[in-house]
Amino acid sequence: MNRTSRHPMRRILLSAAVLVALVGVFVVRLVDIQIVRAAELNEQAQEARSQPVTVYGARGDIVDANGKVLADSVMRYDIVLSPKQASKAVVEREVPDPADPEKTTDVVVPLPELAAELGAVVGLTGDQVQGIITAELAEDPNSDYAYVAKLVDTETYERVKELGIPWVYADEHPSRRYPNGAVAGNLIGFMDSDGNPGAGLELGEDECLAGENGEVSYLHSLQDWVKIPGTEIVHKQAHDGGTLNLTIDTDLQWEVQRIAEAQRQATGADWATVTVMEAKTGRLLAVADVPTVDPNNPSAIDEDDRGSRSFTAPFEPGSTFKALTAASVINAGLADPFSKIVAPYRIIFPNGANVNDSARHDDQQLTLTGVLIESSNTGMSQFGELMSDRARYDDMLKFGLGSETEVGFPAEASGDLHGDPDDDWDNQTKYATMFGQGLTTTAVQIASVYQTIANGGVRMPVTLVDGCENDDGTETTPPTQGEQVISAEAAAETSQMLERVYQDAWLSDKWNIPGYRVAAKTGTAQVPDGDGGYLKGYLVSVSGFAPADDPQFVVSVSIMNPVKMNSSAASAPVFQEVMSQVLKKYRTVPSGAPAPELPATW
Amino acid sequence: MSAVQAQSLPAPRRIDHERPQRRLRPAPERAARAKPRLAYAVIALGGVAVIIVAQLLLSIAVTQGAYEIDALQMQQTTLTRDEQKLSEDLDRVESPQFLATKAEGLGMVPNSDPVYLRLSDGAVLGQPTAAEGGAGASAPLVPNALIDGVPLGDGPKAGETPLEGSPGHSGDAATKAPAGAPAPVDGGLPTPATH
């Protein structure tokens with residue numbers, strides 16, 4: 001007592017200090033737990049008591065110009081069973097008691113019966129289902145996971161659920177569906193079996209379409225799995241993908257594909273492409289590639305046929321290209337539709353180039369119009385050589401050749417203008433390029449050339465994707481600024497010459513569309529074999545536009561190697577049918593005045 | 001406080017002088033304050049009780065709501081599934097392949113030679129030709145894996161009302177149409193080959 005009371009102050013101070021220090025430790029710890037590391041600890045606690053759940057961000061739809069869905073996301077289910085449980089668990093079912101109909105009794109259902117029931121729903125036999133179980137058990141006796149069926153639809157899923165087999169469950173598996181089948185399948189592309197974009201716009205526009213899966217976790221009640229309010233934690237916000245608007249019209253696309261495929265089969269061709277473009281805007285209304293992949297079932301078709309050759313397979317265009325050369329020469333002021341030449345069957349030019357026409361004939365006195373009508377190579381060469389190679393090459397570039405179109409389709413080809421005219425064109429190529437050989441273009445590029453001629457010489461950017469509507473409401477829009485490639489006069493004169501081709505060329509009765517003025521040109525191009533020579537078959541084509549007095553639509557048809565009809569007579573009916581359908585569908589006003597007369601000979 | 005310092009300061013001396021009388025005075029009794037204290041305690045405790053009860057009730061309500069939400073969400077899931085099932089069916093029958101096959105089943109054929117009537121002068125543009133019943137539309141030229149195995153139900157079933165456009169109806173329409181129409185059509189109206 002004496003000792004303690006000797007320094008009372010010191011004792012108080014000491015205990016106060018200890019107290020303060022202790023409280024301080026607690027406060028620091030409290031602040032640390034409650035404030036500094038609160039989020040982290042909360043999450044840990046949540047994780048310990050709950051499992052994160054995936055919230056699926058749906059992949060965006062692909063819709064056509066009228067909003068019709070070409071591709072959308074659906075929920076599919078993978079049916080899974082637990083082999084371990086299947087082999088051990090005893091499944092009982094309530095059935096009416098045979099002794100007393102009003103009561104029920106539990107009956108043990110044997111595994112083979114359950115397997116047969118499950119198999120019947122998912123399209124397997126009971127033995128197959130049991131085979132899955134035994135195979136999986138042989139590999140791992142404790143296995144709890146084996147697929148019975150993948151990507152089944154909602155109906156099957158519900159029927160599986162109704163069976164009420166405790167060792168069978170289903171995983172959600174977001175999937176893709178193409179309600180219109182092969183309609184525009186060449187453009188849309190498809191998803192591979194792992195759910196990754198495999199081809200076409202699915203691949204090229206993945207940035208727009210892809211959704212982002214989110215993740216949440218929450219606490220739930222023990223027995224009935226009800227979410228406890230206020231316990232949900234969003235680990236990652238899910239985002240739906242954007243909607244991709246195409247310029248394609250589904251009905252027209254189907255009709256065009258139908259026409260193209262019918263003709264491909266009738267002529268025994270390897271493949272065919274048809275492009276329908278709006279003349280004034282460059283928007284693609286239909287792009288058919290047959291055979292066409294059905295994105296619901298891509299493996300049903302040969303791998304080479306699963307893409308869009310209109311964009312990815314360049315070819316030597318042949319005589320349809322003469323329209324471009326004629327337009328260039330007129331634009332340069334070096335000729336007009338009345339300019340005269342003499343076209344022999346064969347010409348050997350001073351530089352050694354050897355040009356001949358497709359069929360033997362006497363010398364013809366042709367105008368430029370006549371050269372196009374007769375599709376004379378020798379005649380075209382004499383007009384083409386009025387321009388320098390460099391000037392013609394520059395015009396080709398301005399027409400959009402030699403580079404990918406604005407569409408930017410996956411694996412789109414740029415076409416090959418055979419290098420630089422000064423360095424790489426040999427003497428034969430200098431002339432061959434005037435009538436569409438010795439260089440390659442894609443079908444869409446050729447359509448774009450005709451669009452330029454149809455639209456008063458203004459080339460519009462080729463548009464397939466009309467924009468992407470993101471889920472936050474923002475929207476992208478394609479470029480709409482055109483470029484004057486040739487003068488309006490040169491375009492008008494070329495158009496008038498092409499009208500004469502339509503009326504007077506040898507196919508005129510095969511592609512007649514009553515009531516409309518049409519401008520068109522055929523082509524029968526040789527196909528390079530890759531070793532400097534040419535194959536036996538031809539690529540036959542027709543490109544043109546209508547109505548010629550006020551061009552609205554460009555149609556370009558290419559058919560590869562139609563063995564039963566190896567000339568542009570194979571492509572002309574397709575052009576006629578497609579163009580008729582387009583004019584009919586869009587209620588185009590028939591032409592008034594007849595096409596102007598232009599002399600073909602002199 | 002030392003005395004030296006206190007003396008050297010003149011002002012506080014007067015205060016020192018008066019202070020001793022004030023020390024140790026009895027505190028005034030505050031009997032009157034006992035009653036309010038109880039009231040405050042009751043109010044405070046009552047408030048706490050009310051808060052606790054309110055929270056309990058709210059908690060019960062929220063929990064009840066959670067079950068309601070859960071039930072509704074289950075219902076929503078089921079309905080979403082139903083909706084997906086139905087819209088899948090609808091999309092299937094909306095596809096051009098299905099429509100074309102159905103149309104052909106009803107005897108319709110595509111016509112690739114449109115003919116136009118110009119209203120300003122009544123001119124007929126194009127050669128009216130009968131549409132040929134091509135195998136065109138129904139042939140599986142544009143595949144669609146989704147409609148494989150979907151029953152097409154060709155033509156109107158027995159007992160169904162015949163659709164307009166069946167032979168009897170169009171026959172009437174064809175005879176009525178020319179009356180009052182100043183159409184200078186040569187060779188009469190085109191007759192569909194399907195009849």
# chains A, B, ... in the order shown; residues from 1 in each chain; ligands from 1
call {"tool": "select_by_dssp", "arguments": {"residues": "segment 77-110 of chain A", "states": "helix (DSSP H, G or I)", "output": "ChimeraX atom specification"}}
result
/A:83-88
call {"tool": "interface_residues", "arguments": {"of": "chain B", "to": "chain A", "cutoff": "8 Å", "atoms": "only C-alpha atoms", "output": "PyMOL selection string"}}
result
chain B and resi 62-63+66-67+70+81+84-85+88+91-92+95-97+112-116+125-127+136-137+141-146
call {"tool": "write_last_selection", "arguments": {"atoms": "N, CA, C and O atoms", "output": "CSV table (one decimal), in the first residue's frame"}}
result
chain,number,residue,atom,x,y,z
B,62,VAL,N,-38.8,-7.9,-46.5
B,62,VAL,CA,-37.8,-8.1,-47.5
B,62,VAL,C,-37.6,-9.6,-47.8
B,62,VAL,O,-37.5,-10.0,-49.0
B,63,THR,N,-37.6,-10.4,-46.8
B,63,THR,CA,-37.4,-11.8,-47.0
B,63,THR,C,-38.6,-12.4,-47.8
B,63,THR,O,-38.4,-13.1,-48.8
B,66,ALA,N,-38.2,-11.5,-51.2
B,66,ALA,CA,-37.2,-12.3,-51.9
B,66,ALA,C,-37.8,-13.6,-52.4
B,66,ALA,O,-37.5,-14.0,-53.5
B,67,TYR,N,-38.7,-14.2,-51.6
B,67,TYR,CA,-39.4,-15.4,-52.1
B,67,TYR,C,-40.3,-15.1,-53.3
B,67,TYR,O,-40.4,-15.8,-54.2
B,70,ASP,N,-38.2,-14.5,-56.2
B,70,ASP,CA,-37.7,-15.8,-56.7
B,70,ASP,C,-38.7,-16.5,-57.5
B,70,ASP,O,-38.5,-17.0,-58.6
B,81,ARG,N,-38.4,-19.2,-71.7
B,81,ARG,CA,-38.1,-20.4,-72.5
B,81,ARG,C,-39.2,-20.7,-73.5
B,81,ARG,O,-39.0,-21.0,-74.6
B,84,GLN,N,-39.0,-18.3,-76.3
B,84,GLN,CA,-37.9,-18.7,-77.2
B,84,GLN,C,-38.3,-19.8,-78.1
B,84,GLN,O,-38.1,-19.8,-79.3
B,85,LYS,N,-39.0,-20.8,-77.5
B,85,LYS,CA,-39.5,-21.9,-78.3
B,85,LYS,C,-40.4,-21.5,-79.4
B,85,LYS,O,-40.3,-21.9,-80.5
B,88,GLU,N,-38.8,-19.4,-82.1
B,88,GLU,CA,-38.0,-20.3,-83.0
B,88,GLU,C,-38.9,-20.9,-84.0
B,88,GLU,O,-38.6,-21.0,-85.2
B,91,ASP,N,-39.9,-18.2,-86.5
B,91,ASP,CA,-38.8,-17.9,-87.4
B,91,ASP,C,-38.7,-18.9,-88.5
B,91,ASP,O,-38.4,-18.6,-89.6
B,92,ARG,N,-38.8,-20.2,-88.0
B,92,ARG,CA,-38.7,-21.2,-89.0
B,92,ARG,C,-39.8,-21.1,-90.1
B,92,ARG,O,-39.4,-21.2,-91.3
B,95,SER,N,-39.2,-18.3,-92.7
B,95,SER,CA,-38.1,-18.3,-93.6
B,95,SER,C,-38.6,-18.5,-95.0
B,95,SER,O,-39.6,-19.1,-95.3
B,96,PRO,N,-37.9,-17.8,-96.0
B,96,PRO,CA,-38.3,-17.9,-97.4
B,96,PRO,C,-38.5,-19.3,-97.9
B,96,PRO,O,-39.4,-19.6,-98.7
B,97,GLN,N,-37.6,-20.2,-97.4
B,97,GLN,CA,-37.7,-21.6,-97.9
B,97,GLN,C,-39.0,-22.2,-97.6
B,97,GLN,O,-39.7,-22.8,-98.4
B,112,SER,N,-41.2,-15.0,-113.8
B,112,SER,CA,-40.0,-14.2,-114.0
B,112,SER,C,-40.2,-13.2,-115.1
B,112,SER,O,-39.3,-12.5,-115.5
B,113,ASP,N,-41.4,-13.2,-115.7
B,113,ASP,CA,-41.6,-12.2,-116.8
B,113,ASP,C,-42.7,-11.3,-116.4
B,113,ASP,O,-43.9,-11.4,-116.8
B,114,PRO,N,-42.4,-10.3,-115.6
B,114,PRO,CA,-43.4,-9.3,-115.2
B,114,PRO,C,-43.9,-8.5,-116.3
B,114,PRO,O,-43.2,-8.2,-117.3
B,115,VAL,N,-45.2,-8.2,-116.3
B,115,VAL,CA,-45.8,-7.3,-117.3
B,115,VAL,C,-46.3,-6.1,-116.6
B,115,VAL,O,-46.9,-6.2,-115.5
B,116,TYR,N,-46.1,-4.9,-117.2
B,116,TYR,CA,-46.5,-3.7,-116.5
B,116,TYR,C,-47.6,-3.0,-117.3
B,116,TYR,O,-47.6,-3.0,-118.5
B,125,LEU,N,-46.6,-3.0,-121.0
B,125,LEU,CA,-45.2,-3.1,-121.2
B,125,LEU,C,-44.8,-4.6,-120.9
B,125,LEU,O,-45.0,-5.1,-119.8
B,126,GLY,N,-44.3,-5.2,-121.9
B,126,GLY,CA,-43.9,-6.6,-121.8
B,126,GLY,C,-44.9,-7.5,-122.4
B,126,GLY,O,-46.0,-7.1,-122.7
B,127,GLN,N,-44.4,-8.7,-122.6
B,127,GLN,CA,-45.3,-9.7,-123.2
B,127,GLN,C,-45.9,-10.6,-122.2
B,127,GLN,O,-45.3,-11.3,-121.4
B,136,GLY,N,-38.8,-24.7,-109.6
B,136,GLY,CA,-38.0,-23.7,-108.9
B,136,GLY,C,-38.1,-23.7,-107.4
B,136,GLY,O,-37.2,-24.1,-106.7
B,137,ALA,N,-39.2,-23.1,-106.9
B,137,ALA,CA,-39.2,-22.7,-105.5
B,137,ALA,C,-39.0,-23.9,-104.5
B,137,ALA,O,-38.4,-23.8,-103.5
B,141,LEU,N,-32.9,-25.8,-103.2
B,141,LEU,CA,-31.8,-25.0,-103.8
B,141,LEU,C,-31.1,-24.2,-102.7
B,141,LEU,O,-29.9,-24.0,-102.8
B,142,VAL,N,-31.9,-23.7,-101.8
B,142,VAL,CA,-31.3,-22.9,-100.7
B,142,VAL,C,-31.6,-23.6,-99.4
B,142,VAL,O,-32.7,-23.5,-98.9
B,143,PRO,N,-30.6,-24.4,-98.9
B,143,PRO,CA,-30.9,-25.3,-97.8
B,143,PRO,C,-31.2,-24.5,-96.5
B,143,PRO,O,-30.8,-23.4,-96.4
B,144,ASN,N,-32.0,-25.1,-95.6
B,144,ASN,CA,-32.2,-24.6,-94.3
B,144,ASN,C,-32.3,-25.7,-93.3
B,144,ASN,O,-33.4,-26.4,-93.3
B,145,ALA,N,-31.3,-26.0,-92.6
B,145,ALA,CA,-31.3,-27.1,-91.7
B,145,ALA,C,-32.4,-27.0,-90.6
B,145,ALA,O,-32.8,-28.0,-90.1
B,146,LEU,N,-32.8,-25.8,-90.3
B,146,LEU,CA,-33.8,-25.6,-89.3
B,146,LEU,C,-35.2,-26.1,-89.7
B,146,LEU,O,-36.0,-26.4,-88.8
call {"tool": "select_by_dssp", "arguments": {"residues": "segment 360-553 of chain A", "states": "strand (DSSP E or B)", "output": "PDB file with N, CA, C and O atoms, in the first residue's frame"}}
result
ATOM      1  N   GLN A 364     -13.795  -6.312-139.809  1.00  0.00           N
ATOM      2  CA  GLN A 364     -15.062  -5.620-139.569  1.00  0.00           C
ATOM      3  C   GLN A 364     -14.792  -4.136-139.409  1.00  0.00           C
ATOM      4  O   GLN A 364     -13.814  -3.737-138.764  1.00  0.00           O
ATOM      5  N   GLN A 365     -15.661  -3.329-140.019  1.00  0.00           N
ATOM      6  CA  GLN A 365     -15.551  -1.876-139.848  1.00  0.00           C
ATOM      7  C   GLN A 365     -16.455  -1.498-138.684  1.00  0.00           C
ATOM      8  O   GLN A 365     -17.663  -1.392-138.844  1.00  0.00           O
ATOM      9  N   LEU A 366     -15.875  -1.315-137.512  1.00  0.00           N
ATOM     10  CA  LEU A 366     -16.680  -1.113-136.312  1.00  0.00           C
ATOM     11  C   LEU A 366     -16.460   0.266-135.716  1.00  0.00           C
ATOM     12  O   LEU A 366     -15.371   0.827-135.796  1.00  0.00           O
ATOM     13  N   THR A 367     -17.527   0.778-135.097  1.00  0.00           N
ATOM     14  CA  THR A 367     -17.365   1.938-134.212  1.00  0.00           C
ATOM     15  C   THR A 367     -17.029   1.387-132.818  1.00  0.00           C
ATOM     16  O   THR A 367     -17.039   0.180-132.604  1.00  0.00           O
ATOM     17  N   THR A 441      -9.965  -9.420-110.705  1.00  0.00           N
ATOM     18  CA  THR A 441     -10.856  -8.568-109.896  1.00  0.00           C
ATOM     19  C   THR A 441     -11.804  -9.502-109.160  1.00  0.00           C
ATOM     20  O   THR A 441     -11.964 -10.654-109.542  1.00  0.00           O
ATOM     21  N   VAL A 458     -19.677   8.618-110.774  1.00  0.00           N
ATOM     22  CA  VAL A 458     -19.341   8.754-109.355  1.00  0.00           C
ATOM     23  C   VAL A 458     -19.347   7.372-108.711  1.00  0.00           C
ATOM     24  O   VAL A 458     -20.374   6.705-108.681  1.00  0.00           O
ATOM     25  N   ARG A 459     -18.189   6.974-108.224  1.00  0.00           N
ATOM     26  CA  ARG A 459     -18.104   5.678-107.540  1.00  0.00           C
ATOM     27  C   ARG A 459     -18.468   5.847-106.078  1.00  0.00           C
ATOM     28  O   ARG A 459     -17.892   6.663-105.370  1.00  0.00           O
ATOM     29  N   THR A 463     -21.092  -0.834 -99.819  1.00  0.00           N
ATOM     30  CA  THR A 463     -21.575  -0.980 -98.446  1.00  0.00           C
ATOM     31  C   THR A 463     -22.305  -2.302 -98.281  1.00  0.00           C
ATOM     32  O   THR A 463     -23.206  -2.620 -99.049  1.00  0.00           O
ATOM     33  N   VAL A 465     -22.395  -3.482 -94.653  1.00  0.00           N
ATOM     34  CA  VAL A 465     -22.818  -3.305 -93.271  1.00  0.00           C
ATOM     35  C   VAL A 465     -23.303  -1.871 -93.107  1.00  0.00           C
ATOM     36  O   VAL A 465     -22.569  -0.917 -93.355  1.00  0.00           O
ATOM     37  N   ASP A 466     -24.564  -1.768 -92.711  1.00  0.00           N
ATOM     38  CA  ASP A 466     -25.178  -0.447 -92.606  1.00  0.00           C
ATOM     39  C   ASP A 466     -24.874   0.209 -91.265  1.00  0.00           C
ATOM     40  O   ASP A 466     -25.272   1.336 -91.012  1.00  0.00           O
ATOM     41  N   GLY A 467     -24.190  -0.500 -90.408  1.00  0.00           N
ATOM     42  CA  GLY A 467     -23.845   0.083 -89.125  1.00  0.00           C
ATOM     43  C   GLY A 467     -24.051  -0.900 -88.000  1.00  0.00           C
ATOM     44  O   GLY A 467     -24.629  -1.970 -88.183  1.00  0.00           O
ATOM     45  N   CYS A 468     -23.557  -0.508 -86.855  1.00  0.00           N
ATOM     46  CA  CYS A 468     -23.644  -1.372 -85.677  1.00  0.00           C
ATOM     47  C   CYS A 468     -24.282  -0.570 -84.556  1.00  0.00           C
ATOM     48  O   CYS A 468     -23.816   0.506 -84.215  1.00  0.00           O
ATOM     49  N   GLU A 469     -25.407  -1.095 -84.029  1.00  0.00           N
ATOM     50  CA  GLU A 469     -26.056  -0.449 -82.880  1.00  0.00           C
ATOM     51  C   GLU A 469     -25.548  -1.115 -81.614  1.00  0.00           C
ATOM     52  O   GLU A 469     -25.887  -2.263 -81.337  1.00  0.00           O
ATOM     53  N   GLU A 475     -24.064   4.246 -82.317  1.00  0.00           N
ATOM     54  CA  GLU A 475     -24.237   3.611 -83.613  1.00  0.00           C
ATOM     55  C   GLU A 475     -23.102   4.034 -84.529  1.00  0.00           C
ATOM     56  O   GLU A 475     -22.666   5.184 -84.492  1.00  0.00           O
ATOM     57  N   GLU A 483     -16.925   9.345-105.152  1.00  0.00           N
ATOM     58  CA  GLU A 483     -15.766   9.970-105.799  1.00  0.00           C
ATOM     59  C   GLU A 483     -15.980   9.963-107.304  1.00  0.00           C
ATOM     60  O   GLU A 483     -16.331   8.929-107.893  1.00  0.00           O
ATOM     61  N   GLN A 484     -15.777  11.115-107.926  1.00  0.00           N
ATOM     62  CA  GLN A 484     -15.935  11.219-109.381  1.00  0.00           C
ATOM     63  C   GLN A 484     -14.750  10.540-110.056  1.00  0.00           C
ATOM     64  O   GLN A 484     -13.618  10.999-109.933  1.00  0.00           O
ATOM     65  N   ALA A 519     -28.662  -1.685-119.686  1.00  0.00           N
ATOM     66  CA  ALA A 519     -27.305  -1.628-120.215  1.00  0.00           C
ATOM     67  C   ALA A 519     -26.559  -2.822-119.640  1.00  0.00           C
ATOM     68  O   ALA A 519     -26.580  -3.039-118.429  1.00  0.00           O
ATOM     69  N   ALA A 520     -25.918  -3.612-120.504  1.00  0.00           N
ATOM     70  CA  ALA A 520     -25.243  -4.801-119.997  1.00  0.00           C
ATOM     71  C   ALA A 520     -24.138  -5.232-120.933  1.00  0.00           C
ATOM     72  O   ALA A 520     -24.110  -4.851-122.112  1.00  0.00           O
ATOM     73  N   LYS A 521     -23.222  -6.000-120.413  1.00  0.00           N
ATOM     74  CA  LYS A 521     -22.126  -6.539-121.221  1.00  0.00           C
ATOM     75  C   LYS A 521     -21.806  -7.934-120.715  1.00  0.00           C
ATOM     76  O   LYS A 521     -21.794  -8.180-119.512  1.00  0.00           O
ATOM     77  N   THR A 522     -21.573  -8.850-121.680  1.00  0.00           N
ATOM     78  CA  THR A 522     -21.221 -10.222-121.311  1.00  0.00           C
ATOM     79  C   THR A 522     -19.704 -10.377-121.239  1.00  0.00           C
ATOM     80  O   THR A 522     -18.955  -9.535-121.708  1.00  0.00           O
ATOM     81  N   GLY A 523     -19.303 -11.478-120.679  1.00  0.00           N
ATOM     82  CA  GLY A 523     -17.881 -11.823-120.683  1.00  0.00           C
ATOM     83  C   GLY A 523     -17.727 -13.329-120.683  1.00  0.00           C
ATOM     84  O   GLY A 523     -18.510 -14.047-120.066  1.00  0.00           O
ATOM     85  N   THR A 524     -16.735 -13.795-121.433  1.00  0.00           N
ATOM     86  CA  THR A 524     -16.401 -15.215-121.406  1.00  0.00           C
ATOM     87  C   THR A 524     -14.894 -15.262-121.211  1.00  0.00           C
ATOM     88  O   THR A 524     -14.128 -15.149-122.157  1.00  0.00           O
ATOM     89  N   ALA A 525     -14.496 -15.373-119.959  1.00  0.00           N
ATOM     90  CA  ALA A 525     -13.078 -15.179-119.648  1.00  0.00           C
ATOM     91  C   ALA A 525     -12.381 -16.512-119.502  1.00  0.00           C
ATOM     92  O   ALA A 525     -12.943 -17.478-119.003  1.00  0.00           O
ATOM     93  N   GLN A 526     -11.139 -16.524-119.948  1.00  0.00           N
ATOM     94  CA  GLN A 526     -10.315 -17.705-119.707  1.00  0.00           C
ATOM     95  C   GLN A 526      -9.871 -17.700-118.251  1.00  0.00           C
ATOM     96  O   GLN A 526      -9.711 -16.648-117.642  1.00  0.00           O
ATOM     97  N   VAL A 527      -9.704 -18.883-117.721  1.00  0.00           N
ATOM     98  CA  VAL A 527      -9.362 -19.010-116.301  1.00  0.00           C
ATOM     99  C   VAL A 527      -7.927 -19.519-116.179  1.00  0.00           C
ATOM    100  O   VAL A 527      -7.605 -20.582-116.696  1.00  0.00           O
ATOM    101  N   PRO A 528      -7.066 -18.734-115.531  1.00  0.00           N
ATOM    102  CA  PRO A 528      -5.667 -19.161-115.394  1.00  0.00           C
ATOM    103  C   PRO A 528      -5.573 -20.447-114.588  1.00  0.00           C
ATOM    104  O   PRO A 528      -6.335 -20.660-113.645  1.00  0.00           O
ATOM    105  N   TYR A 534      -3.897 -21.470-119.362  1.00  0.00           N
ATOM    106  CA  TYR A 534      -5.319 -21.312-119.072  1.00  0.00           C
ATOM    107  C   TYR A 534      -6.005 -22.660-119.058  1.00  0.00           C
ATOM    108  O   TYR A 534      -5.629 -23.583-119.775  1.00  0.00           O
ATOM    109  N   LEU A 535      -7.059 -22.761-118.217  1.00  0.00           N
ATOM    110  CA  LEU A 535      -7.832 -23.986-118.149  1.00  0.00           C
ATOM    111  C   LEU A 535      -8.749 -24.090-119.363  1.00  0.00           C
ATOM    112  O   LEU A 535      -8.912 -23.130-120.120  1.00  0.00           O
ATOM    113  N   LYS A 536      -9.363 -25.264-119.528  1.00  0.00           N
ATOM    114  CA  LYS A 536     -10.250 -25.455-120.668  1.00  0.00           C
ATOM    115  C   LYS A 536     -11.580 -24.726-120.465  1.00  0.00           C
ATOM    116  O   LYS A 536     -12.142 -24.188-121.403  1.00  0.00           O
ATOM    117  N   GLY A 537     -12.062 -24.729-119.224  1.00  0.00           N
ATOM    118  CA  GLY A 537     -13.352 -24.095-118.964  1.00  0.00           C
ATOM    119  C   GLY A 537     -13.246 -22.575-118.947  1.00  0.00           C
ATOM    120  O   GLY A 537     -12.155 -22.005-118.944  1.00  0.00           O
ATOM    121  N   TYR A 538     -14.397 -21.931-118.952  1.00  0.00           N
ATOM    122  CA  TYR A 538     -14.438 -20.476-118.931  1.00  0.00           C
ATOM    123  C   TYR A 538     -15.196 -19.974-117.710  1.00  0.00           C
ATOM    124  O   TYR A 538     -16.000 -20.700-117.119  1.00  0.00           O
ATOM    125  N   LEU A 539     -14.928 -18.720-117.377  1.00  0.00           N
ATOM    126  CA  LEU A 539     -15.773 -18.037-116.414  1.00  0.00           C
ATOM    127  C   LEU A 539     -16.677 -17.126-117.225  1.00  0.00           C
ATOM    128  O   LEU A 539     -16.206 -16.195-117.875  1.00  0.00           O
ATOM    129  N   VAL A 540     -17.967 -17.447-117.223  1.00  0.00           N
ATOM    130  CA  VAL A 540     -18.881 -16.649-118.035  1.00  0.00           C
ATOM    131  C   VAL A 540     -19.604 -15.656-117.128  1.00  0.00           C
ATOM    132  O   VAL A 540     -19.901 -15.950-115.981  1.00  0.00           O
ATOM    133  N   SER A 541     -19.842 -14.470-117.683  1.00  0.00           N
ATOM    134  CA  SER A 541     -20.387 -13.431-116.818  1.00  0.00           C
ATOM    135  C   SER A 541     -21.258 -12.460-117.597  1.00  0.00           C
ATOM    136  O   SER A 541     -21.181 -12.376-118.824  1.00  0.00           O
ATOM    137  N   VAL A 542     -22.101 -11.756-116.861  1.00  0.00           N
ATOM    138  CA  VAL A 542     -22.852 -10.621-117.390  1.00  0.00           C
ATOM    139  C   VAL A 542     -22.878  -9.566-116.298  1.00  0.00           C
ATOM    140  O   VAL A 542     -23.116  -9.892-115.130  1.00  0.00           O
ATOM    141  N   SER A 543     -22.586  -8.324-116.687  1.00  0.00           N
ATOM    142  CA  SER A 543     -22.773  -7.228-115.743  1.00  0.00           C
ATOM    143  C   SER A 543     -23.581  -6.154-116.426  1.00  0.00           C
ATOM    144  O   SER A 543     -23.411  -5.915-117.620  1.00  0.00           O
ATOM    145  N   GLY A 544     -24.440  -5.517-115.668  1.00  0.00           N
ATOM    146  CA  GLY A 544     -25.231  -4.462-116.283  1.00  0.00           C
ATOM    147  C   GLY A 544     -26.082  -3.751-115.265  1.00  0.00           C
ATOM    148  O   GLY A 544     -26.054  -4.076-114.074  1.00  0.00           O
ATOM    149  N   PHE A 545     -26.826  -2.769-115.754  1.00  0.00           N
ATOM    150  CA  PHE A 545     -27.680  -2.020-114.848  1.00  0.00           C
ATOM    151  C   PHE A 545     -28.966  -1.609-115.553  1.00  0.00           C
ATOM    152  O   PHE A 545     -29.065  -1.644-116.777  1.00  0.00           O
ATOM    153  N   ALA A 546     -29.969  -1.265-114.753  1.00  0.00           N
ATOM    154  CA  ALA A 546     -31.269  -0.876-115.288  1.00  0.00           C
ATOM    155  C   ALA A 546     -31.972   0.009-114.260  1.00  0.00           C
ATOM    156  O   ALA A 546     -31.650  -0.065-113.082  1.00  0.00           O
ATOM    157  N   PHE A 553     -30.293  -0.076-110.352  1.00  0.00           N
ATOM    158  CA  PHE A 553     -29.731  -1.328-109.839  1.00  0.00           C
ATOM    159  C   PHE A 553     -28.652  -1.868-110.772  1.00  0.00           C
ATOM    160  O   PHE A 553     -28.787  -1.799-111.993  1.00  0.00           O
TER     161      PHE A 553
END
call {"tool": "residues_around", "arguments": {"residues": "Leu372 of chain A", "least_positions_apart": "4", "cutoff": "8 Å", "atoms": "only C-alpha atoms", "output": "ChimeraX atom specification"}}
result
/A:322-323,368,376,380,497-498,501,521
